[in-house]
Each structure stands twice: as C-alpha cells, then as structure tokens.
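Shown below: entry_37.tsv, with TSV, C-alpha atoms.
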chain	number	residue	atom	x	y	z
A	409	MET	CA	0.00	0.00	0.00
A	410	HIS	CA	1.13	3.55	-0.51
A	411	LEU	CA	1.73	6.11	2.19
A	412	PRO	CA	-1.34	8.05	3.35
A	413	LYS	CA	-1.36	11.82	3.25
A	414	THR	CA	-0.55	12.30	6.92
A	415	LEU	CA	2.37	9.87	6.88
A	416	GLY	CA	3.72	11.46	3.68
A	417	LEU	CA	3.72	14.86	5.37
A	418	LEU	CA	5.41	13.40	8.44
A	419	LEU	CA	8.16	11.84	6.31
A	420	TRP	CA	8.65	15.16	4.58
A	421	ALA	CA	9.18	16.92	7.91
A	422	MET	CA	11.43	14.13	9.26
A	423	THR	CA	13.61	14.11	6.18
A	424	LEU	CA	14.09	17.83	6.00
A	425	SER	CA	14.83	18.21	9.70
A	426	VAL	CA	18.44	17.28	8.95
A	427	ASN	CA	19.99	20.14	7.04
A	428	ALA	CA	22.99	18.91	5.08
A	429	GLY	CA	24.11	22.48	4.38
A	430	GLU	CA	24.68	23.14	8.06
A	431	LEU	CA	27.29	20.46	8.72
A	432	PRO	CA	30.10	21.62	11.00
A	433	VAL	CA	33.43	22.11	9.28
A	434	GLY	CA	35.11	18.74	8.89
A	435	ALA	CA	31.98	16.77	9.74
A	436	ALA	CA	30.93	13.97	7.43
A	437	GLN	CA	27.69	12.16	6.76
A	438	HIS	CA	26.97	9.28	4.44
A	439	ALA	CA	23.76	8.47	2.61
A	440	GLU	CA	22.51	5.10	1.44
A	441	LEU	CA	19.43	5.32	-0.74
A	442	GLY	CA	16.81	2.59	-0.69
A	443	VAL	CA	13.10	1.95	-1.22
A	444	ARG	CA	10.44	0.59	1.10
A	445	GLU	CA	7.02	0.05	-0.46
A	446	SER	CA	6.04	3.49	-1.87
A	447	ALA	CA	8.75	5.51	-0.07
A	448	PHE	CA	12.43	6.18	-0.47
A	449	THR	CA	14.69	5.50	2.47
A	450	VAL	CA	17.97	7.16	3.40
A	451	ASN	CA	20.13	5.13	5.76
A	452	GLY	CA	17.15	2.89	6.41
A	453	ARG	CA	14.73	5.66	7.41
A	454	PRO	CA	11.77	6.73	5.24
A	455	ALA	CA	12.66	9.97	3.46
A	456	PHE	CA	10.99	12.40	1.09
A	457	LEU	CA	13.45	13.49	-1.61
A	458	LEU	CA	13.30	17.25	-2.16
A	459	GLY	CA	15.67	18.08	-5.00
A	460	ILE	CA	16.91	20.68	-7.43
A	461	SER	CA	18.12	20.44	-11.04
A	462	TYR	CA	21.90	20.75	-11.36
A	463	TYR	CA	22.32	19.37	-14.88
A	464	GLY	CA	25.55	21.09	-15.95
A	465	ALA	CA	27.50	20.42	-12.78
A	466	LEU	CA	30.37	18.76	-14.62
A	467	GLY	CA	31.16	22.08	-16.33
A	468	ALA	CA	31.19	24.16	-13.13
A	469	PRO	CA	34.34	25.29	-11.32
A	470	GLU	CA	34.89	23.49	-8.03
A	471	GLU	CA	34.29	26.66	-6.04
A	472	PHE	CA	30.90	27.14	-7.71
A	473	ILE	CA	29.94	23.58	-6.83
A	474	ARG	CA	30.99	23.99	-3.20
A	475	GLN	CA	29.04	27.24	-2.82
A	476	ASP	CA	25.97	25.86	-4.58
A	477	LEU	CA	25.95	22.70	-2.49
A	478	ASP	CA	26.17	24.85	0.63
A	479	ASP	CA	23.14	26.86	-0.51
A	480	ILE	CA	21.25	23.77	-1.66
A	481	GLY	CA	21.71	22.12	1.71
A	482	ARG	CA	20.87	25.22	3.72
A	483	ALA	CA	17.60	25.56	1.79
A	484	GLY	CA	16.60	22.03	2.81
A	485	PHE	CA	17.13	20.23	-0.51
A	486	ASN	CA	18.56	16.74	-0.12
A	487	TRP	CA	19.20	15.63	-3.70
A	488	ILE	CA	20.44	16.99	-7.03
A	489	ARG	CA	19.94	15.84	-10.60
A	490	VAL	CA	23.09	15.71	-12.74
A	491	TRP	CA	23.44	14.49	-16.33
A	492	ALA	CA	26.30	12.17	-17.25
A	493	THR	CA	25.66	13.00	-20.93
A	494	TRP	CA	25.32	16.77	-21.06
A	495	GLY	CA	26.28	19.10	-23.88
A	496	ALA	CA	24.83	22.57	-24.38
A	497	PHE	CA	25.80	26.00	-25.69
A	498	GLY	CA	28.79	24.63	-27.57
A	499	ASN	CA	30.20	22.93	-24.49
A	500	ASN	CA	30.30	19.14	-24.22
A	501	ILE	CA	30.79	18.12	-20.58
A	502	SER	CA	29.62	14.53	-20.91
A	503	ALA	CA	31.29	12.00	-18.62
A	504	ILE	CA	30.62	9.34	-21.25
A	505	GLU	CA	31.88	9.19	-24.83
A	506	THR	CA	29.37	8.68	-27.60
A	507	ASN	CA	30.30	4.97	-27.65
A	508	GLY	CA	29.84	4.58	-23.89
A	509	VAL	CA	33.42	4.60	-22.61
A	510	ALA	CA	34.73	6.97	-19.94
A	511	ARG	CA	35.35	10.58	-20.94
A	512	GLU	CA	37.84	12.43	-18.79
A	513	PRO	CA	38.22	14.64	-16.88
A	514	PHE	CA	34.42	14.65	-16.59
A	515	LEU	CA	33.90	11.14	-15.23
A	516	THR	CA	36.36	11.89	-12.44
A	517	LYS	CA	34.52	15.12	-11.79
A	518	LEU	CA	31.24	13.18	-11.53
A	519	GLU	CA	32.90	10.74	-9.14
A	520	ASN	CA	34.15	13.64	-6.99
A	521	LEU	CA	30.69	15.22	-6.98
A	522	VAL	CA	29.02	12.00	-5.85
A	523	ARG	CA	31.66	11.63	-3.13
A	524	GLU	CA	31.15	15.20	-1.91
A	525	CYS	CA	27.38	14.80	-1.88
A	526	ASP	CA	27.79	11.59	0.11
A	527	ARG	CA	29.88	13.49	2.65
A	528	ARG	CA	27.02	15.97	2.96
A	529	GLY	CA	24.32	13.30	3.18
A	530	MET	CA	22.87	14.23	-0.24
A	531	ILE	CA	21.44	11.97	-2.93
A	532	VAL	CA	22.49	12.28	-6.60
A	533	ASP	CA	20.38	11.46	-9.65
A	534	VAL	CA	22.78	10.42	-12.45
A	535	THR	CA	20.95	10.64	-15.78
A	536	LEU	CA	21.84	9.14	-19.15
A	537	SER	CA	20.26	10.22	-22.42
A	538	ARG	CA	20.37	9.00	-26.01
A	539	GLU	CA	19.48	12.48	-27.17
A	540	ASN	CA	21.18	13.67	-30.36
A	541	GLY	CA	22.62	16.80	-28.75
A	542	LYS	CA	23.97	19.90	-30.43
A	543	THR	CA	27.42	19.06	-29.06
A	544	GLY	CA	29.13	15.75	-28.62
A	545	GLY	CA	27.39	13.95	-31.50
A	546	PRO	CA	24.67	11.29	-31.33
A	547	ARG	CA	24.87	9.54	-27.97
A	548	LEU	CA	24.42	5.85	-27.15
A	549	GLN	CA	22.25	5.20	-30.18
A	550	HIS	CA	22.85	1.45	-30.07
A	551	LEU	CA	22.30	-0.98	-27.23
A	552	GLU	CA	25.94	-2.05	-27.03
A	553	GLU	CA	27.01	1.59	-26.59
A	554	HIS	CA	24.32	2.23	-24.01
A	555	GLU	CA	25.25	-0.93	-22.13
A	556	ARG	CA	28.89	0.14	-22.14
A	557	ALA	CA	27.91	3.51	-20.67
A	558	VAL	CA	25.91	1.82	-17.91
A	559	ARG	CA	28.86	-0.44	-17.09
A	560	THR	CA	31.24	2.52	-17.07
A	561	LEU	CA	29.13	4.47	-14.59
A	562	VAL	CA	28.19	1.61	-12.29
A	563	GLU	CA	31.72	0.24	-12.05
A	564	ARG	CA	33.23	3.67	-11.37
A	565	LEU	CA	30.60	4.89	-8.89
A	566	ARG	CA	29.84	1.56	-7.19
A	567	PRO	CA	31.50	2.43	-3.84
A	568	TRP	CA	28.93	5.16	-3.13
A	569	ARG	CA	25.38	4.29	-2.11
A	570	ASN	CA	23.92	7.80	-2.43
A	571	TRP	CA	23.10	7.80	-6.14
A	572	TYR	CA	20.59	6.22	-8.48
A	573	LEU	CA	20.64	5.82	-12.25
A	574	ASP	CA	18.12	7.10	-14.79
A	575	LEU	CA	18.75	4.76	-17.73
A	576	GLY	CA	17.27	7.13	-20.31
A	577	ASN	CA	15.83	10.61	-20.04
A	578	GLU	CA	12.33	10.73	-21.54
A	579	ARG	CA	13.03	7.39	-23.16
A	580	ASN	CA	9.52	7.04	-24.63
A	581	ILE	CA	9.82	10.05	-26.96
A	582	GLY	CA	9.96	8.95	-30.58
A	583	ASP	CA	13.20	10.68	-31.55
A	584	ALA	CA	16.87	10.06	-30.77
A	585	ARG	CA	16.02	9.84	-27.07
A	586	ASN	CA	13.97	6.68	-27.53
A	587	VAL	CA	15.06	3.59	-25.63
A	588	PRO	CA	12.85	0.57	-26.38
A	589	PHE	CA	11.56	-1.45	-23.44
A	590	GLU	CA	13.60	-4.42	-24.67
A	591	ASP	CA	16.78	-2.36	-24.33
A	592	LEU	CA	15.74	-1.04	-20.92
A	593	LYS	CA	15.20	-4.57	-19.68
A	594	ARG	CA	18.72	-5.56	-20.74
A	595	LEU	CA	20.25	-2.42	-19.20
A	596	ARG	CA	18.42	-3.07	-15.94
A	597	GLU	CA	19.79	-6.61	-15.90
A	598	VAL	CA	23.33	-5.28	-16.38
A	599	VAL	CA	23.00	-2.97	-13.38
A	600	ARG	CA	21.61	-5.81	-11.25
A	601	GLN	CA	24.54	-8.04	-12.20
A	602	LEU	CA	27.14	-5.38	-11.39
A	603	ASP	CA	25.52	-3.79	-8.34
A	604	PRO	CA	22.42	-5.68	-7.12
A	605	GLN	CA	21.27	-3.00	-4.66
A	606	ARG	CA	21.62	-0.01	-7.01
A	607	LEU	CA	18.33	1.78	-7.59
A	608	VAL	CA	17.36	2.31	-11.22
A	609	THR	CA	14.60	4.10	-13.10
A	610	ALA	CA	13.91	5.28	-16.64
A	611	SER	CA	12.15	8.61	-17.02
A	612	HIS	CA	8.99	9.00	-19.09
A	613	SER	CA	7.28	12.08	-20.53
A	614	SER	CA	3.58	12.07	-21.43
A	615	ASP	CA	0.10	12.85	-20.20
A	616	ASP	CA	-1.02	10.90	-17.16
A	617	ALA	CA	-3.32	8.45	-18.97
A	618	SER	CA	-0.62	7.44	-21.45
A	619	PHE	CA	1.92	7.00	-18.66
A	620	ILE	CA	-0.39	4.74	-16.67
A	621	LYS	CA	-0.69	2.41	-19.67
A	622	THR	CA	3.06	1.71	-19.43
A	623	PHE	CA	3.15	0.65	-15.77
A	624	ASP	CA	3.18	-3.06	-16.54
A	625	ASN	CA	6.18	-2.54	-18.85
A	626	TYR	CA	8.16	-0.47	-16.37
A	627	LEU	CA	7.34	-2.34	-13.17
A	628	ARG	CA	6.98	-5.96	-14.30
A	629	ASP	CA	9.10	-6.25	-17.44
A	630	VAL	CA	11.95	-3.78	-16.87
A	631	ARG	CA	11.57	-3.88	-13.07
A	632	VAL	CA	12.54	-0.30	-12.33
A	633	ASP	CA	12.68	0.54	-8.62
A	634	PHE	CA	10.44	3.61	-8.90
A	635	ILE	CA	8.45	5.38	-11.59
A	636	VAL	CA	9.07	8.81	-13.08
A	637	ASN	CA	6.87	10.91	-15.37
A	638	HIS	CA	7.75	14.37	-16.65
A	639	ARG	CA	4.18	15.64	-16.63
A	640	PRO	CA	2.79	18.26	-19.06
A	641	ARG	CA	3.84	21.83	-18.22
A	642	SER	CA	0.99	24.31	-18.11
A	643	SER	CA	-0.73	26.71	-15.74
A	644	GLU	CA	-2.98	23.79	-14.69
A	645	SER	CA	-0.12	21.44	-13.78
A	646	ALA	CA	0.24	22.33	-10.11
A	647	ALA	CA	-3.45	21.88	-9.41
A	648	GLN	CA	-3.31	18.41	-10.96
A	649	SER	CA	-0.28	16.95	-9.18
A	650	ARG	CA	-2.12	15.45	-6.21
A	651	ALA	CA	-4.81	13.83	-8.37
A	652	ALA	CA	-2.19	12.52	-10.80
A	653	THR	CA	-0.23	10.94	-7.96
A	654	GLU	CA	-3.36	9.28	-6.61
A	655	GLN	CA	-4.25	8.00	-10.08
A	656	TYR	CA	-0.79	6.45	-10.41
A	657	PHE	CA	-1.20	4.65	-7.09
A	658	GLY	CA	-4.65	3.46	-8.12
A	659	ALA	CA	-3.25	2.00	-11.33
A	660	MET	CA	-0.44	0.26	-9.44
A	661	LYS	CA	-2.95	-1.19	-6.98
A	662	THR	CA	-4.87	-2.72	-9.90
A	663	LEU	CA	-1.65	-4.40	-11.01
A	664	GLY	CA	-0.85	-5.56	-7.49
A	665	ILE	CA	2.41	-3.59	-7.46
A	666	THR	CA	3.71	-0.87	-5.14
A	667	ALA	CA	6.58	1.47	-6.02
A	668	PRO	CA	7.64	5.03	-5.19
A	669	ILE	CA	6.49	7.90	-7.44
A	670	HIS	CA	9.20	10.46	-8.09
A	671	PHE	CA	8.52	13.86	-9.71
A	672	GLN	CA	12.00	14.28	-11.13
A	673	GLU	CA	11.35	17.06	-13.67
A	674	PRO	CA	8.22	19.19	-13.23
A	675	PHE	CA	7.58	22.55	-14.90
A	676	ARG	CA	10.10	25.38	-14.75
A	677	ARG	CA	10.46	29.05	-15.54
A	678	GLY	CA	11.59	30.11	-19.00
A	679	TYR	CA	10.03	27.16	-20.83
A	680	THR	CA	6.28	27.32	-21.44
A	681	LYS	CA	5.19	29.96	-23.94
A	682	GLY	CA	2.74	32.40	-22.40
A	683	TRP	CA	3.18	31.17	-18.84
A	684	GLU	CA	5.82	31.78	-16.21
A	685	PRO	CA	5.10	29.81	-13.03
A	686	SER	CA	4.94	31.80	-9.81
A	687	ALA	CA	6.39	30.83	-6.45
A	688	ASP	CA	2.90	29.74	-5.43
A	689	ASP	CA	2.72	27.44	-8.47
A	690	PHE	CA	5.92	25.63	-7.49
A	691	LEU	CA	4.90	25.24	-3.87
A	692	HIS	CA	1.37	24.15	-4.83
A	693	ASP	CA	2.89	21.49	-7.07
A	694	LEU	CA	5.17	20.31	-4.27
A	695	ARG	CA	2.34	20.22	-1.76
A	696	GLY	CA	0.13	18.25	-4.16
A	697	ALA	CA	2.88	15.69	-4.67
A	698	ILE	CA	3.34	15.29	-0.92
A	699	GLU	CA	-0.37	15.05	-0.18
A	700	GLY	CA	-0.82	12.48	-2.94
A	701	GLY	CA	1.87	10.30	-1.37
A	702	ALA	CA	4.74	10.88	-3.82
A	703	ALA	CA	8.24	9.94	-2.70
A	704	GLY	CA	10.13	12.87	-4.24
A	705	TRP	CA	9.93	16.16	-6.10
A	706	CYS	CA	12.40	18.42	-7.89
A	707	PHE	CA	12.64	22.21	-8.10
A	708	HIS	CA	13.37	22.24	-11.81
A	709	ASN	CA	15.27	25.06	-13.53
A	710	GLY	CA	16.93	25.61	-16.88
A	711	ALA	CA	17.72	28.00	-19.70
A	712	GLN	CA	15.37	30.79	-20.70
A	713	SER	CA	13.82	30.30	-24.13
A	714	GLY	CA	14.81	32.72	-26.90
A	715	GLY	CA	17.81	34.95	-27.55
A	716	ASP	CA	20.99	33.94	-25.75
A	717	GLN	CA	18.85	31.88	-23.36
A	718	GLN	CA	20.04	33.79	-20.32
A	719	PRO	CA	19.81	33.01	-17.51
A	720	ARG	CA	20.77	29.46	-18.31
A	721	ARG	CA	20.59	28.35	-14.71
A	722	SER	CA	21.60	24.69	-14.22
A	723	PHE	CA	22.03	24.16	-17.95
A	724	ASP	CA	25.30	26.15	-18.01
A	725	LEU	CA	27.35	26.67	-14.84
A	726	ARG	CA	30.68	27.71	-16.36
A	727	GLU	CA	30.51	31.45	-15.71
A	728	LYS	CA	27.91	31.76	-12.95
A	729	ARG	CA	26.92	29.34	-10.27
A	730	LEU	CA	23.29	28.23	-10.01
A	731	PHE	CA	22.23	30.40	-7.08
A	732	ASP	CA	23.60	33.48	-8.84
A	733	GLN	CA	21.38	32.72	-11.86
A	734	LEU	CA	18.07	32.04	-10.14
A	735	ASP	CA	15.60	34.88	-10.68
A	736	PRO	CA	13.69	36.61	-7.84
A	737	ILE	CA	10.70	34.25	-8.15
A	738	GLU	CA	12.94	31.19	-7.93
A	739	LEU	CA	14.80	32.63	-4.95
A	740	GLU	CA	11.42	33.20	-3.31
A	741	VAL	CA	10.66	29.50	-3.80
A	742	VAL	CA	13.95	28.65	-2.12
A	743	ARG	CA	13.20	30.97	0.81
A	744	ARG	CA	9.65	29.72	1.26
A	745	VAL	CA	10.60	26.05	1.10
A	746	HIS	CA	13.08	26.78	3.87
A	747	SER	CA	10.39	28.55	5.91
A	748	GLU	CA	7.89	25.75	5.45
A	749	ILE	CA	10.46	23.16	6.49
A	750	HIS	CA	11.06	24.84	9.83
A	751	SER	CA	7.40	25.68	10.48
A	752	SER	CA	6.44	22.04	9.81
A	753	GLN	CA	8.72	20.96	12.68
A	754	LYS	CA	6.98	23.09	15.31
A	755	PRO	CA	4.84	21.13	17.79
How does the structure come out when it is put into structure tokens?
Amino acid sequence: MHLPKTLGLLLWAMTLSVNAGELPVGAAQHAELGVRESAFTVNGRPAFLLGISYYGALGAPEEFIRQDLDDIGRAGFNWIRVWATWGAFGNNISAIETNGVAREPFLTKLENLVRECDRRGMIVDVTLSRENGKTGGPRLQHLEEHERAVRTLVERLRPWRNWYLDLGNERNIGDARNVPFEDLKRLREVVRQLDPQRLVTASHSSDDASFIKTFDNYLRDVRVDFIVNHRPRSSESAAQSRAATEQYFGAMKTLGITAPIHFQEPFRRGYTKGWEPSADDFLHDLRGAIEGGAAGWCFHNGAQSGGDQQPRRSFDLREKRLFDQLDPIELEVVRRVHSEIHSSQKP
C-alpha cells in the first residue's frame, strides 16, 4: 500500500529536519538510498526526496559547486539531478563518450561530486540520455554503446550508495532519445549483475493516462525501482499533481504492485510559452505531490527560451553558479521552502 497523506507529510518533515548544508566544518555524513514500499529510504529511514536540477555540474568550477551545495543544503534540498551525458551551448561536458566509454576529466569530476554529496548526506540522480545533442554527437544510439555507458558508470561509482541511475531521459519520446523497453530490460539486468542494490529508473514524458498504460512494462518487465513521469507543463499542472499521484497509485494497486512515485522534472520558468510559473505554483505542485503520497519532487530550472537563453541556470554553470542565476521568483521558492520546512517541525 502507498503512504497516506498524513504519513507522507510526516516523512517530509522528518527528512528535511536534517539540514545537510549546516554540517560543522570537517563533519561527514553518508547516505545510502533505498526503497520501502512506496517511499524512499535514506540510511534505512523513510525519506521524502526534495531536490533541485543541477544538470551542468560537470562544467562548473569546483568553487561554484561547493558554494551551490552549501546553498542547496541550507535551503533544505537533499538531492540533485546531474546528467552524465550533457552538452549545451557549444560545451560538451559529458562523462561518457558517444560509444559509452569513460570521458575524462568529466567522469572523475562526476565521481568527486558523488563523493562530496555523500559526505554531505545528499542523494544524486545520475541521468543518461540517447538524445542527439547539439554538441558531442549522437549519444548511445545502439544498445551495445548504451550498455557500455551503464557499465562505465556503475563500475566507477559503485562504492557510493547515495546515487541512483536514470537509464534514459524521456526514453519514450519517438526521436533520438527513444530507448525501447527491450533495451531497458537488458540495461536493468546489467546494473543488477554489477551492483544488485543499485536503484534504477527510466524517465517517461507524457500525459497521465498514457503514462499509466506503461506501468506493466516499467514495473513488471523492466523492473525499475520507482516510476518517473515528466508531466505536461501548463498553468494547470500544479493543481493536478495530487490527483495525478493518486491515479498512479490506483493503477499500481490494480496491477498488485507498489513502487515510489518520483517527480523528477516538473515545470520550470523560461520554458512554457505564455506562462511563467509563480512561487505559489511551485509550492502548490510540491504540496500536491506530498499530499498524494509521492516519494520525491524536484525544483526544476533551466535555460530561458529565446535569444541567448540567459539566464541558463543549471544548464550552463561555467561562468555563474546556479544560485547566482536564479531569478527573484525562484529565490522566493527557495526561501519559502526553507520557511515551510522549519514551520512544519513546530509542535
């Protein structure tokens, strides 16, 4: 069974009561991610994952990363999403070559980031994509290349228990991103052989009804550890998140399966034509996910559409760190999440 509303809210408060950004100098934590029924666990305790997009981390100077991680932790976020195959704005920072082998110095930088996040008690989403990017050439377009990439990441990052693998970003889209279910099943088997306890998912992008139709494929055939849908982005999205979460649980109940629901990439500013989400929209979306019983949610951010696409936010961290690129509305979200975390802990 999935977590009821009240328990979901309690887990949210419990998880965020430990602020990774406020570690004493020299102190170290470690984080082992797991799943228990419809919840994530961190070090064996149920935990709600409250995250933030940090896609272009492998292109950021070390000082930017340190400062951003400090701010991320202080705000109450406990996970980040980083792409292992990222190339944007003429800058290829992928940790994986197009044929799946290691690409240095970026794989070492990913390893160092995972290690640093582990020290801070943070979780890391490591995402692969077959997308035919503007830089770096077509990526992992064949199963053998994709399998090689999975092996490269799992073997290199195996010592750390604070990360999970997204086998293919928006893998259902019918372009170069597409990863057939048959390929996903093989890739999942490879991870299980190399690292049996490693959590794995494969992100989807569609309307809710279409996503629900794939549950049997994801949960029974591929056997992902949790499900992810990048829901439609519109002014109605936030008001729908609770109902969507409940619909997902209802569909899983029909199948006799229970798994966590993770909102890894919701709407963001600078993307949807004619609509810029407000701080209230983000927080409404988060609250709906929590009340519906979801296991995690991400404060998504990325490049502005049009022109030079500034601010680029997490999509390009070479010249400015993330928290220096967030606009006033996004900074308000950060401040209000922090406020809600502390108010939720009051008796």
Per-residue nearest contacts segment 434-457 of chain A to segment 629-649 of chain A, cut-off 10 Å, using all atoms listed in the file, as CSV:
residue,atom,partner,partner_atom,distance
A:Gly442,CA,A:Asp633,CA,9.2
A:Val443,CA,A:Asp633,CA,7.5
A:Arg444,CA,A:Asp633,CA,10.0
A:Glu445,CA,A:Phe634,CA,9.8
A:Ser446,CA,A:Phe634,CA,8.3
A:Ala447,CA,A:Phe634,CA,9.2
A:Phe448,CA,A:Phe634,CA,9.0
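Between Gln718 of chain A and the residues A:Phe456, A:Phe497, A:Glu673, A:Tyr626, the shortest atom-to-atom distance, using only C-alpha atoms, involves A:Phe497.
Residue nearest Glu578 of chain A within the list A:Arg564, A:Ser611, A:Val599, A:Arg482: A:Ser611 [criterion: smallest interatomic distance, all atoms listed in the file].
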Exercise for review: Name the residues in contact with Lys621 of chain A at a cut-off of 12 Å, using only C-alpha atoms, excluding same-chain residues fewer than 6 positions from it; report them as an MDAnalysis selection string.
Suggested key: chainID A and resid 612 614:615 627 655:656 659:660 662:663
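For the pair atom CA of Val587 of chain A and atom CA of Glu553 of chain A, the interatomic distance is 12.2 Å.
Between atom CA of Tyr572 of chain A and atom CA of Gln605 of chain A lies a distance of 10.0 Å.
Rounded to one decimal, atom CA of Ala702 of chain A and atom CA of Phe657 of chain A lie 9.2 Å from each other.
Shortest atom-to-atom contact with Ala584 of chain A among A:Arg559, A:Ser537, A:Trp568, A:Ser686: A:Ser537, counting all atoms listed in the file.
Checking A:Ala687, A:Arg628, A:Thr560, A:Gly700 one by one against Gly658 of chain A, counting all atoms listed in the file, you find the shortest gap at A:Gly700.
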Point to revise | Spatial neighbours of Glu505 of chain A, max dist 9 Å, only C-alpha atoms, sep filter under 5 positions, as a PyMOL selection string | key: chain A and resi 493+510-511+544+547-548+557
